[in-house]
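Structure file final03.pdb with PDB, C-alpha atoms and all ligand atoms:
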```pdb
ATOM      1  CA  MET A   1       0.000   0.000   0.000  1.00  0.00           C
ATOM      2  CA  SER A   2       1.341   3.443  -0.838  1.00  0.00           C
ATOM      3  CA  LYS A   3       1.397   6.290   1.610  1.00  0.00           C
ATOM      4  CA  ASN A   4       1.061  10.015   1.076  1.00  0.00           C
ATOM      5  CA  ILE A   5       3.144  12.491   3.005  1.00  0.00           C
ATOM      6  CA  LEU A   6       2.746  16.255   2.690  1.00  0.00           C
ATOM      7  CA  ILE A   7       5.657  18.677   2.827  1.00  0.00           C
ATOM      8  CA  LEU A   8       4.466  22.102   3.899  1.00  0.00           C
ATOM      9  CA  GLY A   9       6.047  25.352   4.954  1.00  0.00           C
ATOM     10  CA  GLN A  10       6.737  28.879   3.782  1.00  0.00           C
ATOM     11  CA  ARG A  11       8.899  29.566   0.739  1.00  0.00           C
ATOM     12  CA  ASN A  12      12.670  29.243   0.780  1.00  0.00           C
ATOM     13  CA  THR A  13      12.817  27.084   3.909  1.00  0.00           C
ATOM     14  CA  GLY A  14      14.314  24.091   2.063  1.00  0.00           C
ATOM     15  CA  LYS A  15      11.308  21.894   1.245  1.00  0.00           C
ATOM     16  CA  THR A  16      12.328  21.053  -2.335  1.00  0.00           C
ATOM     17  CA  THR A  17      15.963  20.544  -1.286  1.00  0.00           C
ATOM     18  CA  ILE A  18      14.813  17.957   1.275  1.00  0.00           C
ATOM     19  CA  LEU A  19      12.441  16.305  -1.199  1.00  0.00           C
ATOM     20  CA  PHE A  20      15.136  16.005  -3.922  1.00  0.00           C
ATOM     21  CA  LYS A  21      17.674  14.679  -1.448  1.00  0.00           C
ATOM     22  CA  ILE A  22      15.211  11.998  -0.304  1.00  0.00           C
ATOM     23  CA  ILE A  23      14.405  10.996  -3.905  1.00  0.00           C
ATOM     24  CA  TYR A  24      17.779  11.403  -5.664  1.00  0.00           C
ATOM     25  CA  ASN A  25      20.147  11.322  -2.679  1.00  0.00           C
ATOM     26  CA  LYS A  26      21.794  14.540  -3.924  1.00  0.00           C
ATOM     27  CA  ILE A  27      21.643  18.239  -3.204  1.00  0.00           C
ATOM     28  CA  LEU A  28      20.167  19.625  -6.410  1.00  0.00           C
ATOM     29  CA  LYS A  29      19.613  23.200  -7.459  1.00  0.00           C
ATOM     30  CA  THR A  30      15.986  24.152  -6.922  1.00  0.00           C
ATOM     31  CA  ILE A  31      13.607  26.711  -8.367  1.00  0.00           C
ATOM     32  CA  PRO A  32      10.655  28.090  -6.387  1.00  0.00           C
ATOM     33  CA  THR A  33       7.842  25.550  -6.402  1.00  0.00           C
ATOM     34  CA  ILE A  34       4.685  26.734  -8.115  1.00  0.00           C
ATOM     35  CA  GLY A  35       1.590  24.809  -7.117  1.00  0.00           C
ATOM     36  CA  LEU A  36       2.444  21.205  -6.286  1.00  0.00           C
ATOM     37  CA  LEU A  37       5.407  18.907  -6.637  1.00  0.00           C
ATOM     38  CA  THR A  38       4.906  15.156  -6.131  1.00  0.00           C
ATOM     39  CA  GLU A  39       7.594  12.472  -6.237  1.00  0.00           C
ATOM     40  CA  ASN A  40       7.687   8.922  -4.950  1.00  0.00           C
ATOM     41  CA  PHE A  41      10.296   6.693  -3.369  1.00  0.00           C
ATOM     42  CA  PHE A  42      10.612   3.204  -1.943  1.00  0.00           C
ATOM     43  CA  PHE A  43      11.921   2.523   1.535  1.00  0.00           C
ATOM     44  CA  LYS A  44      11.951  -0.899   3.185  1.00  0.00           C
ATOM     45  CA  ASN A  45       9.424  -2.279   0.688  1.00  0.00           C
ATOM     46  CA  ASN A  46       6.948   0.542   1.121  1.00  0.00           C
ATOM     47  CA  LYS A  47       6.073   3.052  -1.554  1.00  0.00           C
ATOM     48  CA  TYR A  48       5.713   6.656  -0.435  1.00  0.00           C
ATOM     49  CA  TYR A  49       4.408   9.711  -2.241  1.00  0.00           C
ATOM     50  CA  LEU A  50       5.837  13.042  -1.134  1.00  0.00           C
ATOM     51  CA  THR A  51       3.851  16.109  -2.111  1.00  0.00           C
ATOM     52  CA  GLU A  52       5.257  19.580  -1.597  1.00  0.00           C
ATOM     53  CA  ILE A  53       2.803  22.449  -1.769  1.00  0.00           C
ATOM     54  CA  GLY A  54       4.343  25.775  -2.809  1.00  0.00           C
ATOM     55  CA  GLY A  55       4.917  27.982   0.196  1.00  0.00           C
ATOM     56  CA  THR A  56       3.522  31.331  -0.909  1.00  0.00           C
ATOM     57  CA  PRO A  57       0.461  32.755   0.865  1.00  0.00           C
ATOM     58  CA  ASP A  58      -1.765  32.033  -2.150  1.00  0.00           C
ATOM     59  CA  SER A  59      -1.025  28.326  -1.658  1.00  0.00           C
ATOM     60  CA  PHE A  60      -1.865  28.183   2.054  1.00  0.00           C
ATOM     61  CA  HIS A  61      -5.561  27.594   1.372  1.00  0.00           C
ATOM     62  CA  LEU A  62      -4.656  24.399  -0.526  1.00  0.00           C
ATOM     63  CA  TRP A  63      -3.200  22.762   2.550  1.00  0.00           C
ATOM     64  CA  LYS A  64      -6.493  21.764   4.119  1.00  0.00           C
ATOM     65  CA  TYR A  65      -7.678  19.887   1.017  1.00  0.00           C
ATOM     66  CA  PHE A  66      -4.660  17.607   1.190  1.00  0.00           C
ATOM     67  CA  TYR A  67      -4.761  16.864   4.928  1.00  0.00           C
ATOM     68  CA  LYS A  68      -7.254  14.067   4.727  1.00  0.00           C
ATOM     69  CA  TYR A  69      -5.343  12.203   2.012  1.00  0.00           C
ATOM     70  CA  SER A  70      -2.072  12.294   3.877  1.00  0.00           C
ATOM     71  CA  LYS A  71      -0.719   9.922   6.500  1.00  0.00           C
ATOM     72  CA  ALA A  72       1.632  12.496   7.969  1.00  0.00           C
ATOM     73  CA  ILE A  73       2.977  16.009   7.463  1.00  0.00           C
ATOM     74  CA  ILE A  74       6.536  17.247   7.287  1.00  0.00           C
ATOM     75  CA  TYR A  75       6.539  20.957   8.070  1.00  0.00           C
ATOM     76  CA  VAL A  76       9.741  22.823   7.219  1.00  0.00           C
ATOM     77  CA  THR A  77      10.369  26.044   9.102  1.00  0.00           C
ATOM     78  CA  SER A  78      13.389  28.293   9.612  1.00  0.00           C
ATOM     79  CA  PRO A  79      14.562  31.357  11.549  1.00  0.00           C
ATOM     80  CA  ILE A  80      15.212  33.005   8.142  1.00  0.00           C
ATOM     81  CA  ILE A  81      11.470  33.605   7.783  1.00  0.00           C
ATOM     82  CA  GLN A  82      10.746  37.307   8.050  1.00  0.00           C
ATOM     83  CA  ASN A  83       7.239  37.257   9.454  1.00  0.00           C
ATOM     84  CA  MET A  84       7.647  34.957  12.434  1.00  0.00           C
ATOM     85  CA  GLU A  85       4.251  35.888  13.913  1.00  0.00           C
ATOM     86  CA  LEU A  86       2.576  34.507  10.778  1.00  0.00           C
ATOM     87  CA  GLU A  87       4.815  31.437  10.993  1.00  0.00           C
ATOM     88  CA  TYR A  88       3.860  30.661  14.605  1.00  0.00           C
ATOM     89  CA  HIS A  89       0.223  31.137  13.637  1.00  0.00           C
ATOM     90  CA  LEU A  90       0.528  28.678  10.698  1.00  0.00           C
ATOM     91  CA  ILE A  91       2.361  26.065  12.745  1.00  0.00           C
ATOM     92  CA  ASN A  92       0.006  26.293  15.704  1.00  0.00           C
ATOM     93  CA  LYS A  93      -3.055  26.138  13.475  1.00  0.00           C
ATOM     94  CA  LEU A  94      -1.648  23.034  11.824  1.00  0.00           C
ATOM     95  CA  ILE A  95      -0.895  21.438  15.186  1.00  0.00           C
ATOM     96  CA  SER A  96      -4.382  22.114  16.530  1.00  0.00           C
ATOM     97  CA  ASN A  97      -6.295  21.145  13.360  1.00  0.00           C
ATOM     98  CA  TYR A  98      -4.381  18.109  12.204  1.00  0.00           C
ATOM     99  CA  ASN A  99      -4.503  14.981  14.307  1.00  0.00           C
ATOM    100  CA  LYS A 100      -1.988  12.806  12.536  1.00  0.00           C
ATOM    101  CA  LYS A 101       1.776  12.858  13.041  1.00  0.00           C
ATOM    102  CA  ILE A 102       3.742  16.021  12.245  1.00  0.00           C
ATOM    103  CA  LEU A 103       7.495  16.224  11.786  1.00  0.00           C
ATOM    104  CA  LEU A 104       8.694  19.792  12.283  1.00  0.00           C
ATOM    105  CA  ILE A 105      12.067  20.406  10.617  1.00  0.00           C
ATOM    106  CA  ILE A 106      13.740  23.608  11.763  1.00  0.00           C
ATOM    107  CA  ASN A 107      16.122  24.173   8.849  1.00  0.00           C
ATOM    108  CA  LYS A 108      18.870  26.754   8.184  1.00  0.00           C
ATOM    109  CA  ASN A 109      18.757  27.222  11.915  1.00  0.00           C
ATOM    110  CA  LYS A 110      22.285  28.298  12.853  1.00  0.00           C
ATOM    111  CA  ASP A 111      21.747  28.604  16.603  1.00  0.00           C
ATOM    112  CA  LYS A 112      18.604  30.688  16.597  1.00  0.00           C
ATOM    113  CA  ASN A 113      15.866  28.096  16.884  1.00  0.00           C
ATOM    114  CA  ILE A 114      14.998  28.790  20.516  1.00  0.00           C
ATOM    115  CA  ASP A 115      12.258  31.258  19.586  1.00  0.00           C
ATOM    116  CA  ILE A 116      10.488  28.727  17.403  1.00  0.00           C
ATOM    117  CA  LEU A 117      10.612  26.098  20.132  1.00  0.00           C
ATOM    118  CA  ASN A 118       9.233  28.605  22.644  1.00  0.00           C
ATOM    119  CA  ASN A 119       6.360  29.728  20.454  1.00  0.00           C
ATOM    120  CA  ILE A 120       4.753  26.506  19.355  1.00  0.00           C
ATOM    121  CA  LYS A 121       2.098  24.538  21.158  1.00  0.00           C
ATOM    122  CA  TYR A 122       3.077  20.988  21.931  1.00  0.00           C
ATOM    123  CA  LYS A 123       0.915  17.965  21.393  1.00  0.00           C
ATOM    124  CA  LYS A 124       1.898  14.325  21.517  1.00  0.00           C
ATOM    125  CA  ASN A 125       1.904  14.035  17.733  1.00  0.00           C
ATOM    126  CA  ILE A 126       4.749  16.541  17.144  1.00  0.00           C
ATOM    127  CA  TYR A 127       8.333  15.454  16.447  1.00  0.00           C
ATOM    128  CA  ILE A 128      11.184  17.915  15.888  1.00  0.00           C
ATOM    129  CA  ILE A 129      14.441  17.818  13.926  1.00  0.00           C
ATOM    130  CA  SER A 130      16.682  20.862  13.998  1.00  0.00           C
ATOM    131  CA  THR A 131      19.479  21.297  11.454  1.00  0.00           C
ATOM    132  CA  ASN A 132      21.535  23.695   9.384  1.00  0.00           C
ATOM    133  CA  ARG A 133      22.477  21.236   6.664  1.00  0.00           C
ATOM    134  CA  ILE A 134      20.504  18.620   4.774  1.00  0.00           C
ATOM    135  CA  ASP A 135      22.965  15.739   4.974  1.00  0.00           C
ATOM    136  CA  ASP A 136      22.679  11.940   4.891  1.00  0.00           C
ATOM    137  CA  ASN A 137      22.011  11.711   8.637  1.00  0.00           C
ATOM    138  CA  ILE A 138      19.102  14.122   8.443  1.00  0.00           C
ATOM    139  CA  ILE A 139      17.648  12.303   5.436  1.00  0.00           C
ATOM    140  CA  ASN A 140      17.949   8.960   7.222  1.00  0.00           C
ATOM    141  CA  SER A 141      16.203  10.381  10.265  1.00  0.00           C
ATOM    142  CA  ILE A 142      13.405  11.706   8.066  1.00  0.00           C
ATOM    143  CA  LYS A 143      12.985   8.395   6.197  1.00  0.00           C
ATOM    144  CA  ASN A 144      12.947   6.405   9.420  1.00  0.00           C
ATOM    145  CA  TRP A 145      10.441   8.800  10.931  1.00  0.00           C
ATOM    146  CA  ILE A 146       8.204   8.323   7.879  1.00  0.00           C
ATOM    147  CA  TYR A 147       8.604   4.552   8.126  1.00  0.00           C
ATOM    148  CA  PHE A 148       7.727   4.362  11.815  1.00  0.00           C
ATOM    149  CA  TYR A 149       4.904   6.873  11.924  1.00  0.00           C
ATOM    150  CA  THR A 150       2.914   6.233   8.759  1.00  0.00           C
TER     151      THR A 150
HETATM  152  N1  LIG A 201      22.477  26.967   3.945  1.00  0.00           N
HETATM  153  C1  LIG A 201      21.439  26.183   3.607  1.00  0.00           C
HETATM  154  N2  LIG A 201      20.742  26.475   2.492  1.00  0.00           N
HETATM  155  C2  LIG A 201      19.710  25.690   2.154  1.00  0.00           C
HETATM  156  C3  LIG A 201      19.328  24.579   2.960  1.00  0.00           C
HETATM  157  N3  LIG A 201      18.241  24.003   2.402  1.00  0.00           N
HETATM  158  C4  LIG A 201      17.944  24.731   1.303  1.00  0.00           C
HETATM  159  N4  LIG A 201      18.815  25.743   1.130  1.00  0.00           N
HETATM  160  C5  LIG A 201      18.809  26.736   0.024  1.00  0.00           C
HETATM  161  O1  LIG A 201      17.644  27.553   0.158  1.00  0.00           O
HETATM  162  C6  LIG A 201      17.087  27.865  -1.117  1.00  0.00           C
HETATM  163  C7  LIG A 201      15.640  27.469  -1.186  1.00  0.00           C
HETATM  164  O2  LIG A 201      15.534  26.070  -1.075  1.00  0.00           O
HETATM  165  P1  LIG A 201      14.251  25.277  -1.586  1.00  0.00           P
HETATM  166  O3  LIG A 201      14.497  23.854  -1.242  1.00  0.00           O
HETATM  167  O4  LIG A 201      13.916  25.611  -2.996  1.00  0.00           O
HETATM  168  O5  LIG A 201      13.111  25.884  -0.613  1.00  0.00           O
HETATM  169  P2  LIG A 201      11.514  25.743  -0.702  1.00  0.00           P
HETATM  170  O6  LIG A 201      10.995  27.027  -1.269  1.00  0.00           O
HETATM  171  O7  LIG A 201      11.090  25.576   0.735  1.00  0.00           O
HETATM  172  O8  LIG A 201      11.184  24.561  -1.531  1.00  0.00           O
HETATM  173  C8  LIG A 201      17.958  27.143  -2.143  1.00  0.00           C
HETATM  174  O9  LIG A 201      18.887  28.078  -2.651  1.00  0.00           O
HETATM  175  C9  LIG A 201      18.665  26.071  -1.340  1.00  0.00           C
HETATM  176  O10 LIG A 201      19.915  25.734  -1.885  1.00  0.00           O
HETATM  177  C10 LIG A 201      20.112  24.298   4.133  1.00  0.00           C
HETATM  178  O11 LIG A 201      19.855  23.352   4.885  1.00  0.00           O
HETATM  179  N5  LIG A 201      21.144  25.145   4.409  1.00  0.00           N
HETATM  180 MG    MG A 202       9.968  24.323  -3.165  1.00  0.00          MG
END
```
Have the structure of the file written as structure tokens, please.
Ligand SMILES: Nc1nc2c(ncn2[C@@H]2O[C@H](COP(=O)(O)OP(=O)(O)O)[C@@H](O)[C@H]2O)c(=O)[nH]1
Ligand SMILES: [Mg+2]
Amino acid sequence: MSKNILILGQRNTGKTTILFKIIYNKILKTIPTIGLLTENFFFKNNKYYLTEIGGTPDSFHLWKYFYKYSKAIIYVTSPIIQNMELEYHLINKLISNYNKKILLIINKNKDKNIDILNNIKYKKNIYIISTNRIDDNIINSIKNWIYFYT
């Protein structure tokens, strides 16, 4: 059986970079995602579909239509985001409205992720990875998370 996983988050946080690294095992040059980007991969005999939804405000309304078809959400955030109040609002809304598992990846974080951790609501279904570089270890952690929680 195949499983759908959503990759959400604001633009420029590294969603496509993570998706390409999972699929092709390489850091590839990306262009801003317009609309949707779906790719699939196999891991331990399971087939997974990863769907990234473009992270501009005009795409935010699409998120809710995809929730019910997804087994889990990977939300990519970063301290580089300019409007952090909007970001906390988006993350907290997601956490309160979505009852399946959520992996929050704090990317490009340098050492400034404390604010994000202090401003999100915690529920039992939230898991967090914090990183400044999408390397093999991070990708393995993400794949194993997907395997265990979907
Ligand atoms: N320094 C650094 N740059 C990254 C990282 N991930 C992505 N980028 C860069 O950030 C830009 C936007 O990445 P992209 O994956 O297209 O973001 P998206 O809009 O969320 O899909 C690209 O120039 C990437 O090379 C990271 O972990 N560290
Ligand atoms: Mg993208």
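Minimum distance to A:Tyr149 across A:Ala72, A:Leu8, A:Leu36, A:Ile120 (counting all atoms listed in the file) occurs at A:Ala72.
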query: Residues at most 6 Å from ligand MG 202 (chain A), using all atoms listed in the file? Could they come as a list in words?
result: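 Based on all atoms listed in the file, ligand MG 202 (chain A) is surrounded within 6 Å by Lys15, Thr16, Pro32, Thr33 and Gly54 of chain A.
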Can you list what the PyMOL selection byres (((chain A and resi 67) around 10) and not hetatm) grabs from this structure, as a compact mmCIF listing (two decimals) with C-alpha atoms, in the coordinates of the input?
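Contents of result_39.txt, freshly written:
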```
# COMPACT_ATOMS: atom_id res chain seq x y z
CA ASN A 4 1.06 10.02 1.08
CA ILE A 5 3.14 12.49 3.00
CA LEU A 6 2.75 16.26 2.69
CA LEU A 62 -4.66 24.40 -0.53
CA TRP A 63 -3.20 22.76 2.55
CA LYS A 64 -6.49 21.76 4.12
CA TYR A 65 -7.68 19.89 1.02
CA PHE A 66 -4.66 17.61 1.19
CA LYS A 68 -7.25 14.07 4.73
CA TYR A 69 -5.34 12.20 2.01
CA SER A 70 -2.07 12.29 3.88
CA LYS A 71 -0.72 9.92 6.50
CA ALA A 72 1.63 12.50 7.97
CA ILE A 73 2.98 16.01 7.46
CA LEU A 94 -1.65 23.03 11.82
CA ASN A 97 -6.30 21.14 13.36
CA TYR A 98 -4.38 18.11 12.20
CA ASN A 99 -4.50 14.98 14.31
CA LYS A 100 -1.99 12.81 12.54
```
- request: Measure the distance from atom CA of A:Asn45 to atom CA of A:Ile22 in Å and round it to one decimal.
  value: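 It comes out at 15.4 Å.
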Resolved residues for the PyMOL selection byres (((chain A and resi 91) around 10) and not hetatm) as a short mmCIF file (atom, residue, chain, number, x, y, z; two decimals) with C-alpha atoms, in the frame of the given file:
```
data_model
loop_
_atom_site.label_atom_id
_atom_site.label_comp_id
_atom_site.auth_asym_id
_atom_site.auth_seq_id
_atom_site.Cartn_x
_atom_site.Cartn_y
_atom_site.Cartn_z
CA LEU A 8 4.47 22.10 3.90
CA GLY A 9 6.05 25.35 4.95
CA TYR A 75 6.54 20.96 8.07
CA VAL A 76 9.74 22.82 7.22
CA THR A 77 10.37 26.04 9.10
CA LEU A 86 2.58 34.51 10.78
CA GLU A 87 4.82 31.44 10.99
CA TYR A 88 3.86 30.66 14.60
CA HIS A 89 0.22 31.14 13.64
CA LEU A 90 0.53 28.68 10.70
CA ASN A 92 0.01 26.29 15.70
CA LYS A 93 -3.06 26.14 13.48
CA LEU A 94 -1.65 23.03 11.82
CA ILE A 95 -0.90 21.44 15.19
CA SER A 96 -4.38 22.11 16.53
CA ASN A 97 -6.30 21.14 13.36
CA LEU A 104 8.69 19.79 12.28
CA ILE A 116 10.49 28.73 17.40
CA ASN A 119 6.36 29.73 20.45
CA ILE A 120 4.75 26.51 19.36
CA LYS A 121 2.10 24.54 21.16
#
```
Chain A near ligand LIG 201 (chain A) within 8 Å: what's each residue's closest atom pair and its distance in Å to one decimal, counting all atoms listed in the file, ordered by chain then ascending residue number, as JSON lines?
```
{"residue": "A:Gly9", "atom": "CA", "partner": "A:LIG201", "partner_atom": "O7", "distance": 6.6}
{"residue": "A:Gln10", "atom": "CA", "partner": "A:LIG201", "partner_atom": "O7", "distance": 6.3}
{"residue": "A:Arg11", "atom": "CA", "partner": "A:LIG201", "partner_atom": "O6", "distance": 3.9}
{"residue": "A:Asn12", "atom": "CA", "partner": "A:LIG201", "partner_atom": "O6", "distance": 3.5}
{"residue": "A:Thr13", "atom": "CA", "partner": "A:LIG201", "partner_atom": "O7", "distance": 3.9}
{"residue": "A:Gly14", "atom": "CA", "partner": "A:LIG201", "partner_atom": "O3", "distance": 3.3}
{"residue": "A:Lys15", "atom": "CA", "partner": "A:LIG201", "partner_atom": "O7", "distance": 3.7}
{"residue": "A:Thr16", "atom": "CA", "partner": "A:LIG201", "partner_atom": "O3", "distance": 3.7}
{"residue": "A:Thr17", "atom": "CA", "partner": "A:LIG201", "partner_atom": "O3", "distance": 3.6}
{"residue": "A:Ile18", "atom": "CA", "partner": "A:LIG201", "partner_atom": "O3", "distance": 6.4}
{"residue": "A:Leu19", "atom": "CA", "partner": "A:LIG201", "partner_atom": "O3", "distance": 7.8}
{"residue": "A:Ile27", "atom": "CA", "partner": "A:LIG201", "partner_atom": "O10", "distance": 7.8}
{"residue": "A:Leu28", "atom": "CA", "partner": "A:LIG201", "partner_atom": "O10", "distance": 7.6}
{"residue": "A:Lys29", "atom": "CA", "partner": "A:LIG201", "partner_atom": "O10", "distance": 6.1}
{"residue": "A:Thr30", "atom": "CA", "partner": "A:LIG201", "partner_atom": "O4", "distance": 4.7}
{"residue": "A:Ile31", "atom": "CA", "partner": "A:LIG201", "partner_atom": "O4", "distance": 5.5}
{"residue": "A:Pro32", "atom": "CA", "partner": "A:LIG201", "partner_atom": "O6", "distance": 5.2}
{"residue": "A:Thr33", "atom": "CA", "partner": "A:LIG201", "partner_atom": "O8", "distance": 6.0}
{"residue": "A:Glu52", "atom": "CA", "partner": "A:LIG201", "partner_atom": "O8", "distance": 7.7}
{"residue": "A:Gly54", "atom": "CA", "partner": "A:LIG201", "partner_atom": "O6", "distance": 6.9}
{"residue": "A:Gly55", "atom": "CA", "partner": "A:LIG201", "partner_atom": "O6", "distance": 6.3}
{"residue": "A:Val76", "atom": "CA", "partner": "A:LIG201", "partner_atom": "O7", "distance": 7.2}
{"residue": "A:Asn107", "atom": "CA", "partner": "A:LIG201", "partner_atom": "O11", "distance": 5.5}
{"residue": "A:Lys108", "atom": "CA", "partner": "A:LIG201", "partner_atom": "N5", "distance": 4.7}
{"residue": "A:Thr131", "atom": "CA", "partner": "A:LIG201", "partner_atom": "O11", "distance": 6.9}
{"residue": "A:Asn132", "atom": "CA", "partner": "A:LIG201", "partner_atom": "O11", "distance": 4.8}
{"residue": "A:Arg133", "atom": "CA", "partner": "A:LIG201", "partner_atom": "O11", "distance": 3.8}
{"residue": "A:Ile134", "atom": "CA", "partner": "A:LIG201", "partner_atom": "O11", "distance": 4.8}
```
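What separates atom CA of A:Asp135 from atom CA of A:Ile114 is a distance of 21.8 Å.
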- prompt: If we count only C-alpha atoms, what is near A:Asp136 at a cut-off of 10 Å, once residues fewer than 3 positions away on the same chain are taken out, given as JSON, numbers by chain?
  reply: {"A": [21, 22, 25, 26, 133, 139, 140, 141, 142]}
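The gap separating atom CA of A:Asp58 from atom CA of A:Leu37 is 15.6 Å, in Å to one decimal.
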task: Can you work out which one of A:Ile34, A:Leu103, A:Ile80, A:Ile146 has the shortest atom-to-atom distance to A:Ile129, counting all atoms listed in the file?
output: A:Leu103
- line: Restricting to only C-alpha atoms, whichever of A:Ile138, A:Ile81, A:Ile102, A:Ile23 is closest to A:Thr150 is A:Ile102
Calculate, to one decimal in Å, the centre and edge lengths of the box along x, y and z of the file that holds all listed atoms of stretch 25-43 of chain A with 5 Å of margin on each side, and present them as AutoDock Vina command-line options.
```
--center_x 11.7 --center_y 15.3 --center_z -3.4 --size_x 30.2 --size_y 35.6 --size_z 19.9
```
